[in-house]
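Undergrad: Input structure: coords-v2.pdb, which contains PDB, C-alpha atoms.
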ATOM      1  CA  MET Y 295       0.000   0.000   0.000
ATOM      2  CA  LYS Y 296       2.875   2.390   0.762
ATOM      3  CA  LYS Y 297       4.347   1.722  -2.681
ATOM      4  CA  GLN Y 298       0.974   2.282  -4.341
ATOM      5  CA  THR Y 299       0.490   5.533  -2.413
ATOM      6  CA  ARG Y 300       3.924   6.766  -3.527
ATOM      7  CA  HIS Y 301       3.139   5.993  -7.160
ATOM      8  CA  LEU Y 302      -0.303   7.563  -6.827
ATOM      9  CA  LEU Y 303       1.337  10.777  -5.577
ATOM     10  CA  MET Y 304       3.463  10.788  -8.755
ATOM     11  CA  LEU Y 305       0.286  10.658 -10.830
ATOM     12  CA  LEU Y 306      -1.313  13.437  -8.778
ATOM     13  CA  LEU Y 307       1.761  15.617  -9.334
ATOM     14  CA  ALA Y 308       1.541  14.850 -13.069
ATOM     15  CA  ALA Y 309      -2.130  15.916 -13.048
ATOM     16  CA  PHE Y 310      -1.164  19.118 -11.218
ATOM     17  CA  LEU Y 311       1.497  19.958 -13.812
ATOM     18  CA  TRP Y 312      -0.878  19.219 -16.703
ATOM     19  CA  GLY Y 313      -3.593  21.354 -15.126
ATOM     20  CA  THR Y 314      -1.338  24.331 -14.447
ATOM     21  CA  THR Y 315       0.069  24.120 -17.993
ATOM     22  CA  PHE Y 316      -3.405  24.766 -19.413
ATOM     23  CA  VAL Y 317      -2.797  28.535 -19.625
ATOM     24  CA  ALA Y 318       0.427  28.017 -21.595
ATOM     25  CA  GLN Y 319      -1.320  25.535 -23.873
ATOM     26  CA  SER Y 320      -4.145  27.989 -24.596
ATOM     27  CA  LEU Y 321      -1.707  30.812 -25.349
ATOM     28  CA  GLY Y 322       0.394  28.614 -27.607
ATOM     29  CA  ALA Y 323      -2.644  27.375 -29.522
ATOM     30  CA  GLU Y 324      -3.568  30.961 -30.394
ATOM     31  CA  LEU Y 325      -0.160  31.595 -31.972
ATOM     32  CA  VAL Y 326       0.750  28.388 -33.830
ATOM     33  CA  GLY Y 327      -0.999  25.336 -35.248
ATOM     34  CA  PRO Y 328      -1.603  22.208 -33.147
ATOM     35  CA  PHE Y 329       1.116  20.126 -34.801
ATOM     36  CA  THR Y 330       3.648  22.961 -34.548
ATOM     37  CA  TYR Y 331       2.888  23.323 -30.848
ATOM     38  CA  LEU Y 332       3.068  19.564 -30.298
ATOM     39  CA  MET Y 333       6.311  19.356 -32.279
ATOM     40  CA  GLY Y 334       7.980  22.111 -30.238
ATOM     41  CA  ARG Y 335       7.048  20.808 -26.801
ATOM     42  CA  SER Y 336       7.981  17.237 -27.750
ATOM     43  CA  TRP Y 337      11.478  18.070 -29.030
ATOM     44  CA  ILE Y 338      12.066  20.086 -25.841
ATOM     45  CA  ALA Y 339      11.028  17.054 -23.779
ATOM     46  CA  VAL Y 340      13.446  14.859 -25.747
ATOM     47  CA  VAL Y 341      16.325  17.266 -25.003
ATOM     48  CA  VAL Y 342      15.374  17.773 -21.333
ATOM     49  CA  LEU Y 343      15.219  14.037 -20.611
ATOM     50  CA  LEU Y 344      18.631  13.188 -22.121
ATOM     51  CA  PRO Y 345      20.736  14.551 -19.203
ATOM     52  CA  VAL Y 346      18.268  12.997 -16.731
ATOM     53  CA  ILE Y 347      18.848   9.584 -18.308
ATOM     54  CA  ALA Y 348      22.638  10.128 -18.314
ATOM     55  CA  VAL Y 349      22.713  11.067 -14.606
ATOM     56  CA  ARG Y 350      20.506   8.131 -13.632
ATOM     57  CA  ALA Y 351      22.594   5.719 -15.706
ATOM     58  CA  ARG Y 352      25.849   6.887 -14.049
ATOM     59  CA  ALA Y 353      24.273   6.689 -10.584
ATOM     60  CA  ALA Y 354      23.024   3.155 -11.227
ATOM     61  CA  ALA Y 355      26.458   2.047 -12.480
ATOM     62  CA  ARG Y 356      28.208   3.643  -9.514
ATOM     63  CA  ASN Y 357      25.868   2.114  -6.934
ATOM     64  CA  GLY Y 358      25.584  -1.283  -8.593
ATOM     65  CA  GLY Y 359      21.872  -0.829  -9.233
ATOM     66  CA  LYS Y 360      19.692  -2.053 -12.073
ATOM     67  CA  PRO Y 361      20.965  -0.671 -15.411
ATOM     68  CA  VAL Y 362      18.922   2.232 -16.741
ATOM     69  CA  LEU Y 363      19.789   1.774 -20.413
ATOM     70  CA  PRO Y 364      18.756  -1.431 -22.239
ATOM     71  CA  GLN Y 365      21.599  -3.963 -22.205
ATOM     72  CA  THR Y 366      20.498  -6.573 -24.736
ATOM     73  CA  PRO Y 367      18.996  -6.480 -28.245
ATOM     74  CA  ALA Y 368      15.737  -7.819 -26.790
ATOM     75  CA  GLN Y 369      15.596  -4.975 -24.241
ATOM     76  CA  ARG Y 370      16.368  -2.373 -26.928
ATOM     77  CA  LYS Y 371      13.623  -3.846 -29.104
ATOM     78  CA  GLN Y 372      11.177  -3.707 -26.167
ATOM     79  CA  LEU Y 373      12.029  -0.053 -25.505
ATOM     80  CA  ALA Y 374      11.684   0.860 -29.184
ATOM     81  CA  LEU Y 375       8.337  -0.945 -29.426
ATOM     82  CA  GLY Y 376       7.055   0.712 -26.239
ATOM     83  CA  GLY Y 377       8.121   4.144 -27.455
ATOM     84  CA  LEU Y 378       6.480   3.598 -30.846
ATOM     85  CA  VAL Y 379       3.169   2.331 -29.433
ATOM     86  CA  CYS Y 380       2.856   4.797 -26.529
ATOM     87  CA  GLY Y 381       4.182   7.712 -28.573
ATOM     88  CA  SER Y 382       1.873   7.126 -31.542
ATOM     89  CA  ALA Y 383      -1.156   6.895 -29.243
ATOM     90  CA  LEU Y 384      -0.102  10.088 -27.428
ATOM     91  CA  CYS Y 385       0.522  11.958 -30.690
ATOM     92  CA  MET Y 386      -2.888  11.055 -32.103
ATOM     93  CA  ALA Y 387      -4.660  11.818 -28.821
ATOM     94  CA  SER Y 388      -2.988  15.215 -28.382
ATOM     95  CA  ALA Y 389      -3.588  16.200 -32.006
ATOM     96  CA  SER Y 390      -7.260  15.226 -31.914
ATOM     97  CA  GLN Y 391      -7.697  17.196 -28.680
ATOM     98  CA  GLN Y 392      -6.296  20.342 -30.293
ATOM     99  CA  LEU Y 393      -8.471  19.867 -33.390
ATOM    100  CA  GLY Y 394     -11.586  19.215 -31.308
ATOM    101  CA  MET Y 395     -11.052  22.272 -29.129
ATOM    102  CA  ALA Y 396     -11.360  24.494 -32.201
ATOM    103  CA  ASN Y 397     -15.113  23.767 -32.314
ATOM    104  CA  ALA Y 398     -15.963  23.372 -28.625
ATOM    105  CA  SER Y 399     -15.727  25.366 -25.428
ATOM    106  CA  THR Y 400     -12.762  24.656 -23.184
ATOM    107  CA  ALA Y 401     -15.002  23.268 -20.427
ATOM    108  CA  LYS Y 402     -16.876  20.985 -22.805
ATOM    109  CA  ALA Y 403     -13.647  19.790 -24.414
ATOM    110  CA  GLY Y 404     -12.167  19.111 -20.984
ATOM    111  CA  PHE Y 405     -15.186  17.091 -19.894
ATOM    112  CA  ILE Y 406     -15.378  14.935 -23.041
ATOM    113  CA  THR Y 407     -11.602  14.354 -23.081
ATOM    114  CA  ALA Y 408     -11.612  13.268 -19.433
ATOM    115  CA  LEU Y 409     -14.182  10.558 -20.211
ATOM    116  CA  TYR Y 410     -11.155   8.263 -20.509
ATOM    117  CA  VAL Y 411     -11.844   7.783 -16.792
ATOM    118  CA  VAL Y 412     -14.782   5.594 -17.942
ATOM    119  CA  LEU Y 413     -13.143   4.088 -21.013
ATOM    120  CA  VAL Y 414     -10.035   2.753 -19.231
ATOM    121  CA  PRO Y 415     -11.861   0.288 -16.924
ATOM    122  CA  ILE Y 416     -14.161  -0.723 -19.802
ATOM    123  CA  LEU Y 417     -11.198  -1.435 -22.083
ATOM    124  CA  SER Y 418      -9.467  -3.209 -19.177
ATOM    125  CA  VAL Y 419     -12.380  -5.656 -19.010
ATOM    126  CA  VAL Y 420     -12.136  -6.223 -22.776
ATOM    127  CA  LEU Y 421      -8.431  -7.002 -22.301
ATOM    128  CA  GLY Y 422      -9.199  -9.473 -19.523
ATOM    129  CA  LYS Y 423      -8.357  -7.267 -16.521
ATOM    130  CA  ARG Y 424     -11.328  -6.947 -14.184
ATOM    131  CA  PRO Y 425     -11.210  -3.854 -11.914
ATOM    132  CA  GLU Y 426     -12.431  -4.105  -8.306
ATOM    133  CA  ALA Y 427     -16.146  -3.506  -7.791
ATOM    134  CA  LYS Y 428     -15.522  -0.312  -5.810
ATOM    135  CA  ILE Y 429     -13.620   1.163  -8.786
ATOM    136  CA  TRP Y 430     -16.827   1.267 -10.821
ATOM    137  CA  ALA Y 431     -18.563   3.257  -8.083
ATOM    138  CA  CYS Y 432     -15.595   5.632  -7.893
ATOM    139  CA  VAL Y 433     -15.665   6.082 -11.683
ATOM    140  CA  VAL Y 434     -19.329   7.124 -11.516
ATOM    141  CA  ILE Y 435     -18.563   9.616  -8.721
ATOM    142  CA  ALA Y 436     -15.597  11.011 -10.695
ATOM    143  CA  VAL Y 437     -17.669  11.487 -13.876
ATOM    144  CA  VAL Y 438     -20.419  13.287 -11.919
ATOM    145  CA  GLY Y 439     -17.722  15.507 -10.416
ATOM    146  CA  LEU Y 440     -16.262  16.191 -13.872
ATOM    147  CA  TYR Y 441     -19.686  17.184 -15.178
ATOM    148  CA  LEU Y 442     -20.316  19.600 -12.303
ATOM    149  CA  LEU Y 443     -16.833  21.077 -12.671
ATOM    150  CA  CYS Y 444     -16.792  21.536 -16.442
ATOM    151  CA  ILE Y 445     -20.361  21.971 -17.646
ATOM    152  CA  LYS Y 446     -22.661  24.884 -16.812
ATOM    153  CA  PRO Y 447     -26.343  24.115 -16.036
ATOM    154  CA  GLY Y 448     -28.147  23.448 -19.316
ATOM    155  CA  GLY Y 449     -24.953  24.084 -21.294
ATOM    156  CA  PHE Y 450     -24.182  20.614 -22.634
ATOM    157  CA  ALA Y 451     -25.263  19.365 -26.035
ATOM    158  CA  LEU Y 452     -23.343  17.053 -28.342
ATOM    159  CA  ALA Y 453     -22.488  18.528 -31.736
ATOM    160  CA  ALA Y 454     -21.164  16.890 -34.877
ATOM    161  CA  GLY Y 455     -17.581  18.002 -34.173
ATOM    162  CA  ASP Y 456     -17.605  16.460 -30.704
ATOM    163  CA  GLY Y 457     -16.868  13.094 -32.269
ATOM    164  CA  VAL Y 458     -13.237  14.233 -32.573
ATOM    165  CA  LEU Y 459     -13.105  14.826 -28.811
ATOM    166  CA  LEU Y 460     -14.684  11.431 -28.136
ATOM    167  CA  LEU Y 461     -11.968   9.931 -30.340
ATOM    168  CA  CYS Y 462      -9.433  11.882 -28.265
ATOM    169  CA  ALA Y 463     -10.816  10.381 -25.025
ATOM    170  CA  PHE Y 464     -10.572   6.892 -26.538
ATOM    171  CA  LEU Y 465      -6.975   7.488 -27.675
ATOM    172  CA  PHE Y 466      -5.925   8.783 -24.248
ATOM    173  CA  ALA Y 467      -7.469   5.655 -22.708
ATOM    174  CA  VAL Y 468      -5.453   3.534 -25.149
ATOM    175  CA  GLN Y 469      -2.277   5.474 -24.259
ATOM    176  CA  ILE Y 470      -2.850   4.895 -20.529
ATOM    177  CA  LEU Y 471      -3.278   1.151 -21.092
ATOM    178  CA  CYS Y 472      -0.194   1.050 -23.347
ATOM    179  CA  VAL Y 473       1.867   2.737 -20.619
ATOM    180  CA  SER Y 474       0.522   0.245 -18.065
ATOM    181  CA  HIS Y 475       1.719  -2.587 -20.307
ATOM    182  CA  PHE Y 476       5.187  -1.265 -21.197
ATOM    183  CA  SER Y 477       6.204   0.628 -18.029
ATOM    184  CA  PRO Y 478       7.213  -2.536 -16.074
ATOM    185  CA  LEU Y 479       9.279  -3.734 -19.047
ATOM    186  CA  ALA Y 480      11.647  -0.761 -19.429
ATOM    187  CA  ASP Y 481      13.128   2.073 -17.397
ATOM    188  CA  GLY Y 482      10.419   4.728 -16.943
ATOM    189  CA  VAL Y 483      12.517   7.731 -17.986
ATOM    190  CA  CYS Y 484      13.915   5.908 -21.025
ATOM    191  CA  LEU Y 485      10.405   4.899 -22.069
ATOM    192  CA  SER Y 486       9.249   8.501 -21.654
ATOM    193  CA  TRP Y 487      12.162   9.702 -23.822
ATOM    194  CA  ALA Y 488      11.396   7.110 -26.517
ATOM    195  CA  GLN Y 489       7.711   8.055 -26.419
ATOM    196  CA  PHE Y 490       8.450  11.746 -26.965
ATOM    197  CA  LEU Y 491      10.973  11.047 -29.692
ATOM    198  CA  VAL Y 492       8.173   9.296 -31.594
ATOM    199  CA  VAL Y 493       5.731  12.158 -30.905
ATOM    200  CA  ALA Y 494       8.344  14.728 -31.997
ATOM    201  CA  VAL Y 495       9.090  12.948 -35.287
ATOM    202  CA  GLU Y 496       5.436  12.266 -36.143
ATOM    203  CA  SER Y 497       4.268  15.794 -35.263
ATOM    204  CA  THR Y 498       7.177  17.314 -37.248
ATOM    205  CA  VAL Y 499       6.100  15.399 -40.352
ATOM    206  CA  LEU Y 500       2.458  16.443 -39.847
ATOM    207  CA  MET Y 501       3.500  20.063 -39.287
ATOM    208  CA  LEU Y 502       5.504  20.135 -42.533
ATOM    209  CA  VAL Y 503       2.608  18.609 -44.473
ATOM    210  CA  LEU Y 504      -0.348  20.503 -42.946
ATOM    211  CA  GLU Y 505       0.995  23.746 -41.469
ATOM    212  CA  ALA Y 506       3.350  26.582 -42.363
ATOM    213  CA  PRO Y 507       4.618  28.228 -39.153
ATOM    214  CA  THR Y 508       6.608  31.433 -39.493
ATOM    215  CA  PRO Y 509       9.696  32.394 -37.450
ATOM    216  CA  ALA Y 510       7.696  35.252 -35.928
ATOM    217  CA  SER Y 511       4.889  32.945 -34.731
ATOM    218  CA  LEU Y 512       7.395  30.466 -33.315
ATOM    219  CA  MET Y 513       9.183  33.226 -31.402
ATOM    220  CA  ALA Y 514       5.879  34.539 -30.057
ATOM    221  CA  ALA Y 515       4.877  31.075 -28.840
ATOM    222  CA  ALA Y 516       8.349  30.105 -27.565
ATOM    223  CA  GLY Y 517       7.593  30.744 -23.898
ATOM    224  CA  ALA Y 518       4.347  28.765 -23.919
ATOM    225  CA  ILE Y 519       5.979  25.907 -25.852
ATOM    226  CA  ALA Y 520       9.001  25.827 -23.509
ATOM    227  CA  TYR Y 521       6.857  25.730 -20.362
ATOM    228  CA  ALA Y 522       4.736  22.897 -21.711
ATOM    229  CA  GLY Y 523       7.782  21.067 -23.075
ATOM    230  CA  VAL Y 524       9.642  21.051 -19.760
ATOM    231  CA  PHE Y 525       6.875  20.686 -17.179
ATOM    232  CA  SER Y 526       3.914  19.091 -18.962
ATOM    233  CA  SER Y 527       5.784  16.848 -21.393
ATOM    234  CA  GLY Y 528       9.239  16.229 -19.919
ATOM    235  CA  VAL Y 529       8.288  16.016 -16.232
ATOM    236  CA  ALA Y 530       4.581  15.132 -16.074
ATOM    237  CA  TYR Y 531       4.516  12.356 -18.667
ATOM    238  CA  THR Y 532       7.628  10.834 -17.098
ATOM    239  CA  LEU Y 533       5.827  10.872 -13.747
ATOM    240  CA  GLN Y 534       2.874   9.173 -15.468
ATOM    241  CA  ILE Y 535       5.058   6.315 -16.665
ATOM    242  CA  LEU Y 536       6.830   5.939 -13.313
ATOM    243  CA  GLY Y 537       3.561   6.231 -11.376
ATOM    244  CA  GLN Y 538       1.665   3.692 -13.454
ATOM    245  CA  GLU Y 539       4.255   1.032 -12.598
ATOM    246  CA  GLY Y 540       2.592   0.619  -9.195
ATOM    247  CA  VAL Y 541      -1.035   1.701  -9.719
ATOM    248  CA  PRO Y 542      -3.874  -0.186 -11.478
ATOM    249  CA  PRO Y 543      -4.970   1.507 -14.742
ATOM    250  CA  ALA Y 544      -8.495   2.433 -13.516
ATOM    251  CA  LEU Y 545      -7.168   4.156 -10.365
ATOM    252  CA  ALA Y 546      -4.392   5.801 -12.392
ATOM    253  CA  CYS Y 547      -6.823   7.374 -14.842
ATOM    254  CA  MET Y 548      -8.971   8.736 -11.987
ATOM    255  CA  ALA Y 549      -5.912  10.360 -10.443
ATOM    256  CA  MET Y 550      -4.861  11.854 -13.776
ATOM    257  CA  SER Y 551      -8.386  13.140 -14.481
ATOM    258  CA  LEU Y 552      -7.800  15.581 -11.599
ATOM    259  CA  GLU Y 553      -6.002  17.627 -14.258
ATOM    260  CA  SER Y 554      -9.397  19.302 -14.784
ATOM    261  CA  VAL Y 555      -9.595  20.273 -11.109
ATOM    262  CA  PHE Y 556      -6.072  21.691 -11.044
ATOM    263  CA  SER Y 557      -6.761  23.577 -14.277
ATOM    264  CA  ALA Y 558      -9.810  25.255 -12.747
ATOM    265  CA  LEU Y 559      -7.948  26.007  -9.519
ATOM    266  CA  SER Y 560      -4.959  27.492 -11.374
ATOM    267  CA  GLY Y 561      -7.303  29.697 -13.392
ATOM    268  CA  TRP Y 562      -8.883  30.823 -10.126
ATOM    269  CA  VAL Y 563      -5.560  31.546  -8.384
ATOM    270  CA  VAL Y 564      -3.425  32.810 -11.284
ATOM    271  CA  LEU Y 565      -5.937  34.434 -13.625
ATOM    272  CA  GLY Y 566      -8.539  35.480 -11.070
ATOM    273  CA  GLU Y 567     -11.273  33.386 -12.670
ATOM    274  CA  SER Y 568     -14.172  32.676 -10.339
ATOM    275  CA  MET Y 569     -15.350  29.225  -9.240
ATOM    276  CA  THR Y 570     -18.964  28.580  -8.327
ATOM    277  CA  GLY Y 571     -20.135  26.343  -5.510
ATOM    278  CA  ARG Y 572     -21.197  23.800  -8.134
ATOM    279  CA  GLU Y 573     -17.661  23.702  -9.583
ATOM    280  CA  LEU Y 574     -16.019  23.428  -6.173
ATOM    281  CA  PHE Y 575     -18.364  20.578  -5.232
ATOM    282  CA  GLY Y 576     -17.528  18.810  -8.499
ATOM    283  CA  GLY Y 577     -13.816  19.087  -7.732
ATOM    284  CA  LEU Y 578     -14.355  17.720  -4.229
ATOM    285  CA  LEU Y 579     -16.294  14.760  -5.651
ATOM    286  CA  MET Y 580     -13.377  13.956  -7.954
ATOM    287  CA  PHE Y 581     -10.856  14.127  -5.115
ATOM    288  CA  GLY Y 582     -13.190  12.003  -2.998
ATOM    289  CA  ALA Y 583     -13.454   9.354  -5.721
ATOM    290  CA  VAL Y 584      -9.657   8.994  -5.879
ATOM    291  CA  LEU Y 585      -9.370   8.784  -2.086
ATOM    292  CA  LEU Y 586     -12.216   6.253  -1.850
ATOM    293  CA  ALA Y 587     -10.552   4.087  -4.470
ATOM    294  CA  GLN Y 588      -7.468   3.972  -2.235
ATOM    295  CA  LEU Y 589      -9.314   2.718   0.868
ATOM    296  CA  PRO Y 590      -9.312  -1.078   1.330
ATOM    297  CA  MET Y 591     -12.872  -2.405   1.489
ATOM    298  CA  PRO Y 592     -12.202  -4.847   4.383
ATOM    299  CA  SER Y 593     -11.118  -1.917   6.568
ATOM    300  CA  LEU Y 594     -14.325  -0.054   5.780
ATOM    301  CA  CYS Y 595     -16.385  -3.089   6.719
ATOM    302  CA  ARG Y 596     -14.567  -3.548  10.051
ATOM    303  CA  LYS Y 597     -15.037   0.084  10.932
ATOM    304  CA  SER Y 598     -18.746  -0.056  10.191
ATOM    305  CA  VAL Y 599     -19.188  -3.159  12.371
ATOM    306  CA  ARG Y 600     -17.258  -1.676  15.279
ATOM    307  CA  GLY Y 601     -19.120   1.608  14.959
TER     308      GLY Y 601
END
Turn the structure described in the file into C-alpha cells.

TA:
Amino acid sequence: MKKQTRHLLMLLLAAFLWGTTFVAQSLGAELVGPFTYLMGRSWIAVVVLLPVIAVRARAAARNGGKPVLPQTPAQRKQLALGGLVCGSALCMASASQQLGMANASTAKAGFITALYVVLVPILSVVLGKRPEAKIWACVVIAVVGLYLLCIKPGGFALAAGDGVLLLCAFLFAVQILCVSHFSPLADGVCLSWAQFLVVAVESTVLMLVLEAPTPASLMAAAGAIAYAGVFSSGVAYTLQILGQEGVPPALACMAMSLESVFSALSGWVVLGESMTGRELFGGLLMFGAVLLAQLPMPSLCRKSVRG
C-alpha cells in the first residue's frame, strides 16, 4: 500500500502539472498550429530528458543498481516498441484534442476528453483485466464531479464536431493502457524519452505537411511551448510512466483526471477566474473518488461493524 500511495502521488503531481500548464497551452494554440505546438514541446522534452537519463545511468552504475539503459537487443527492441506504441497513441490523442477544441468550449472539451476515466476500466475488461467492484462506483462519482466542474447548467449538447473529442478520449485511454503494459518492461525515464521522440518525429512530419509556421509565430509562442515542453511533457509524462508502474490503470486514470480540477484552480488563483459552488463541489467529488478508491474495502467493513 505504501508503494501504491507513492506511485499515486506521482500521478497526482503529473495531473497538477498538466492542469497548471493549461494557460500556456491555450496561449500557444492561439499563436501556432496544433502540430507545430506539439512538435515544439515534444522536441524540448526529448532534449530535457537526455541529461536525466545520463545522470541516472551513471548513478546506477556507480551504486551497482539495475541498469537504466537497455543492455540486450531484446531490451532495446522492447524499448523501441514501447516508445512507438505509446508515442503514436499520445501523438494522435494530443492532435485530436487540439483539433476538437477548435469547435468546442474549453469546459466541454475538458469534460469529453476526461471521459477516458470511464473508457479505461471498460477497455481493461475487454483485455481481460477486471477492476475491483468499488472502482466502478468511484468512476461514476468522478464522472459526476467532472460534469459539475466543467459543464454549466443546461450548457451541454453534443455537436457533430464532438466526435473528434470522443476519439481523443478513446486514444488517451489507449495510451494509458499502453503505458501500463510497457512501463514494467523498461526504465520509466527511457520509455518517456522514446515516447516523446516518436511524438516529436510524427508531429514534425504532420506540421511540414499541414501547417506553415513562421519564425515570428514560433518566437511569439516560444515561452508557452518551452513551459509545456519542460513541465507538462518532460516532467509530467515521465511521472505518469513511473507512477503507473505501481497503480492499477483504472485508479491511475482517476488520479490523472484531476487535471481538470487543477486547471480550474490554477485559473482561479493565477488568472482570477471565479469558481462557483457547483464547480467546487464537483472538484471535491473527484478528489473524494480517488481517495475512496485507495481505501481497502475490508477496513471499511470492520469500521462499520465496530461503529

Undergrad: Interatomic distance between CA of Leu344 in chain Y and CA of Gln534 in chain Y?

TA: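 Atom-to-atom, CA of Leu344 in chain Y and CA of Gln534 in chain Y are spaced 17.6 Å apart.
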
Undergrad: Could you tell me which residues the PyMOL selection byres ((chain Y and resi 478) around 10) returns for this structure, as a compact mmCIF listing (two decimals) with C-alpha atoms, in the frame of the given file?

TA:
# COMPACT_ATOMS: atom_id res chain seq x y z
CA VAL Y 473 1.87 2.74 -20.62
CA SER Y 474 0.52 0.24 -18.07
CA HIS Y 475 1.72 -2.59 -20.31
CA PHE Y 476 5.19 -1.26 -21.20
CA SER Y 477 6.20 0.63 -18.03
CA LEU Y 479 9.28 -3.73 -19.05
CA ALA Y 480 11.65 -0.76 -19.43
CA ASP Y 481 13.13 2.07 -17.40
CA GLY Y 482 10.42 4.73 -16.94
CA ILE Y 535 5.06 6.32 -16.66
CA LEU Y 536 6.83 5.94 -13.31
CA GLN Y 538 1.66 3.69 -13.45
CA GLU Y 539 4.26 1.03 -12.60
CA GLY Y 540 2.59 0.62 -9.20

Undergrad: Let me know the residues the PyMOL selection byres ((chain Y and resi 307) around 10) catches in the file above, as a list in words.

TA: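 Applied to this file, the PyMOL selection byres ((chain Y and resi 307) around 10) selects His301, Leu302, Leu303, Met304, Leu305, Leu306, Ala308, Ala309, Phe310, Leu311, Trp312, Gly313, Val529, Ala530, Leu533, Gln534, Gly537, Ala549, Met550, Leu552 and Glu553 of chain Y.
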
Undergrad: How would the residues just chosen look if you wrote them out with C-alpha atoms as a CSV table (one decimal), in the coordinates of the input?

TA:
chain,number,residue,atom,x,y,z
Y,301,HIS,CA,3.1,6.0,-7.2
Y,302,LEU,CA,-0.3,7.6,-6.8
Y,303,LEU,CA,1.3,10.8,-5.6
Y,304,MET,CA,3.5,10.8,-8.8
Y,305,LEU,CA,0.3,10.7,-10.8
Y,306,LEU,CA,-1.3,13.4,-8.8
Y,308,ALA,CA,1.5,14.8,-13.1
Y,309,ALA,CA,-2.1,15.9,-13.0
Y,310,PHE,CA,-1.2,19.1,-11.2
Y,311,LEU,CA,1.5,20.0,-13.8
Y,312,TRP,CA,-0.9,19.2,-16.7
Y,313,GLY,CA,-3.6,21.4,-15.1
Y,529,VAL,CA,8.3,16.0,-16.2
Y,530,ALA,CA,4.6,15.1,-16.1
Y,533,LEU,CA,5.8,10.9,-13.7
Y,534,GLN,CA,2.9,9.2,-15.5
Y,537,GLY,CA,3.6,6.2,-11.4
Y,549,ALA,CA,-5.9,10.4,-10.4
Y,550,MET,CA,-4.9,11.9,-13.8
Y,552,LEU,CA,-7.8,15.6,-11.6
Y,553,GLU,CA,-6.0,17.6,-14.3

Undergrad: Just checking: using only C-alpha atoms, which residue out of Y:Lys297, Y:Leu545, Y:Phe464, Y:Gly523 ends up closest to Lys428 in chain Y?

TA: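 Closest to Lys428 in chain Y, using only C-alpha atoms: Y:Leu545.
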
Undergrad: Just the number, please: distance in Å from CA of Ser527 in chain Y to CA of Phe316 in chain Y, one decimal.

TA: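 Separation of CA of Ser527 in chain Y and CA of Phe316 in chain Y: 12.3 Å.
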
Undergrad: Compile the contact shell of range 408-419 of chain Y as a VMD selection string: residues with an atom at most 6 Å away, counting all atoms listed in the file, same-chain residues fewer than 5 positions apart removed.

TA: chain Y and resid 424 463 467 544 547 to 548 551

Undergrad: Keeping only C-alpha atoms, write the selected residues to a file as an mmCIF file, in the coordinates of the input.

TA:
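Output file out-v4.cif follows:
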data_model
loop_
_atom_site.group_PDB
_atom_site.id
_atom_site.type_symbol
_atom_site.label_atom_id
_atom_site.label_comp_id
_atom_site.auth_asym_id
_atom_site.auth_seq_id
_atom_site.Cartn_x
_atom_site.Cartn_y
_atom_site.Cartn_z
ATOM 1 C CA ARG Y 424 -11.328 -6.947 -14.184
ATOM 2 C CA ALA Y 463 -10.816 10.381 -25.025
ATOM 3 C CA ALA Y 467 -7.469 5.655 -22.708
ATOM 4 C CA ALA Y 544 -8.495 2.433 -13.516
ATOM 5 C CA CYS Y 547 -6.823 7.374 -14.842
ATOM 6 C CA MET Y 548 -8.971 8.736 -11.987
ATOM 7 C CA SER Y 551 -8.386 13.140 -14.481
#

Undergrad: Give the padded box for range 367-372 of chain Y as AutoDock Vina command-line options: axis-aligned, covering all atoms listed in the file, 5 Å on each side, centre and edge lengths in Å to one decimal.

TA:
--center_x 15.1 --center_y -5.1 --center_z -26.7 --size_x 17.8 --size_y 15.4 --size_z 14.9

Undergrad: Tell me which of Y:Ile347, Y:Leu491, Y:Val362, Y:Leu559 sits closest to Met333 in chain Y, counting only C-alpha atoms.

TA: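 Under the stated criterion, the closest residue is Y:Leu491.
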
Undergrad: Nearest to Leu325 in chain Y among Y:Ser554, Y:Gln365, Y:Ser560, Y:Ser511, with distances taken over all atoms listed in the file: which residue is it?

TA: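 Nearest candidate to Leu325 in chain Y out of Y:Ser554, Y:Gln365, Y:Ser560, Y:Ser511: Y:Ser511.
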
Undergrad: For a test of reading the model, state the distance in Å between CA of Leu384 in chain Y and CA of Leu500 in chain Y, rounded to one decimal.

TA: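 Taking CA of Leu384 in chain Y and CA of Leu500 in chain Y, their separation equals 14.2 Å.
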
Undergrad: Nearest to Gln372 in chain Y among Y:Leu574, Y:Ala546, Y:Cys484, Y:Ala583, with distances taken over all atoms listed in the file: which residue is it?

TA: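 So, comparing all the options, the nearest one is Y:Cys484.
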
Undergrad: Between Y:Thr508, Y:Ser382, Y:Ile445, Y:Tyr331, single out the one closest to Ala318 in chain Y, counting all atoms listed in the file.

TA: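 For Ala318 in chain Y, the nearest of the given residues is Y:Tyr331.
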
Undergrad: Check the smallest atom-to-atom distance from each of Y:Ala323, Y:Leu375, Y:Ile338, Y:Ala558 to Ala520 in chain Y using only C-alpha atoms, then report the winner.

TA: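 Ranked by minimum distance to Ala520 in chain Y, first place goes to Y:Ile338.
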
Undergrad: Select, counting all atoms listed in the file, all protein, DNA and RNA residues no farther than 6 Å from (1.0, 27.9, -27.9) in file coordinates, and express the selection as a PDB file with C-alpha atoms, keeping the file's coordinate frame.

TA:
ATOM      1  CA  GLN Y 319      -1.320  25.535 -23.873  1.00  0.00           C
ATOM      2  CA  LEU Y 321      -1.707  30.812 -25.349  1.00  0.00           C
ATOM      3  CA  GLY Y 322       0.394  28.614 -27.607  1.00  0.00           C
ATOM      4  CA  ALA Y 323      -2.644  27.375 -29.522  1.00  0.00           C
ATOM      5  CA  LEU Y 325      -0.160  31.595 -31.972  1.00  0.00           C
ATOM      6  CA  VAL Y 326       0.750  28.388 -33.830  1.00  0.00           C
ATOM      7  CA  TYR Y 331       2.888  23.323 -30.848  1.00  0.00           C
ATOM      8  CA  ALA Y 515       4.877  31.075 -28.840  1.00  0.00           C
ATOM      9  CA  ALA Y 518       4.347  28.765 -23.919  1.00  0.00           C
ATOM     10  CA  ILE Y 519       5.979  25.907 -25.852  1.00  0.00           C
TER      11      ILE Y 519
END

Undergrad: Step by step: start from the point (9.8, 10.6, -32.3) in the file's coordinates, keep every protein, DNA or RNA residue that has an atom no farther than 9 Å from it, count all atoms listed in the file, and write the set as a PyMOL selection string.

TA: chain Y and resi 336-337+340+377-378+381-382+487-498

Undergrad: Contacts of Pro364 in chain Y at 8 Å or less, counting only C-alpha atoms, minus same-chain residues fewer than 4 places along, as a list in words?

TA: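 Counting only the stated atoms, we get Gln369, Arg370, Leu373 and Ala480 of chain Y.
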
Undergrad: Put those residues in a file: C-alpha atoms, as a short mmCIF file (atom, residue, chain, number, x, y, z; two decimals), keeping the file's coordinate frame.

TA:
data_model
loop_
_atom_site.label_atom_id
_atom_site.label_comp_id
_atom_site.auth_asym_id
_atom_site.auth_seq_id
_atom_site.Cartn_x
_atom_site.Cartn_y
_atom_site.Cartn_z
CA GLN Y 369 15.60 -4.97 -24.24
CA ARG Y 370 16.37 -2.37 -26.93
CA LEU Y 373 12.03 -0.05 -25.50
CA ALA Y 480 11.65 -0.76 -19.43
#
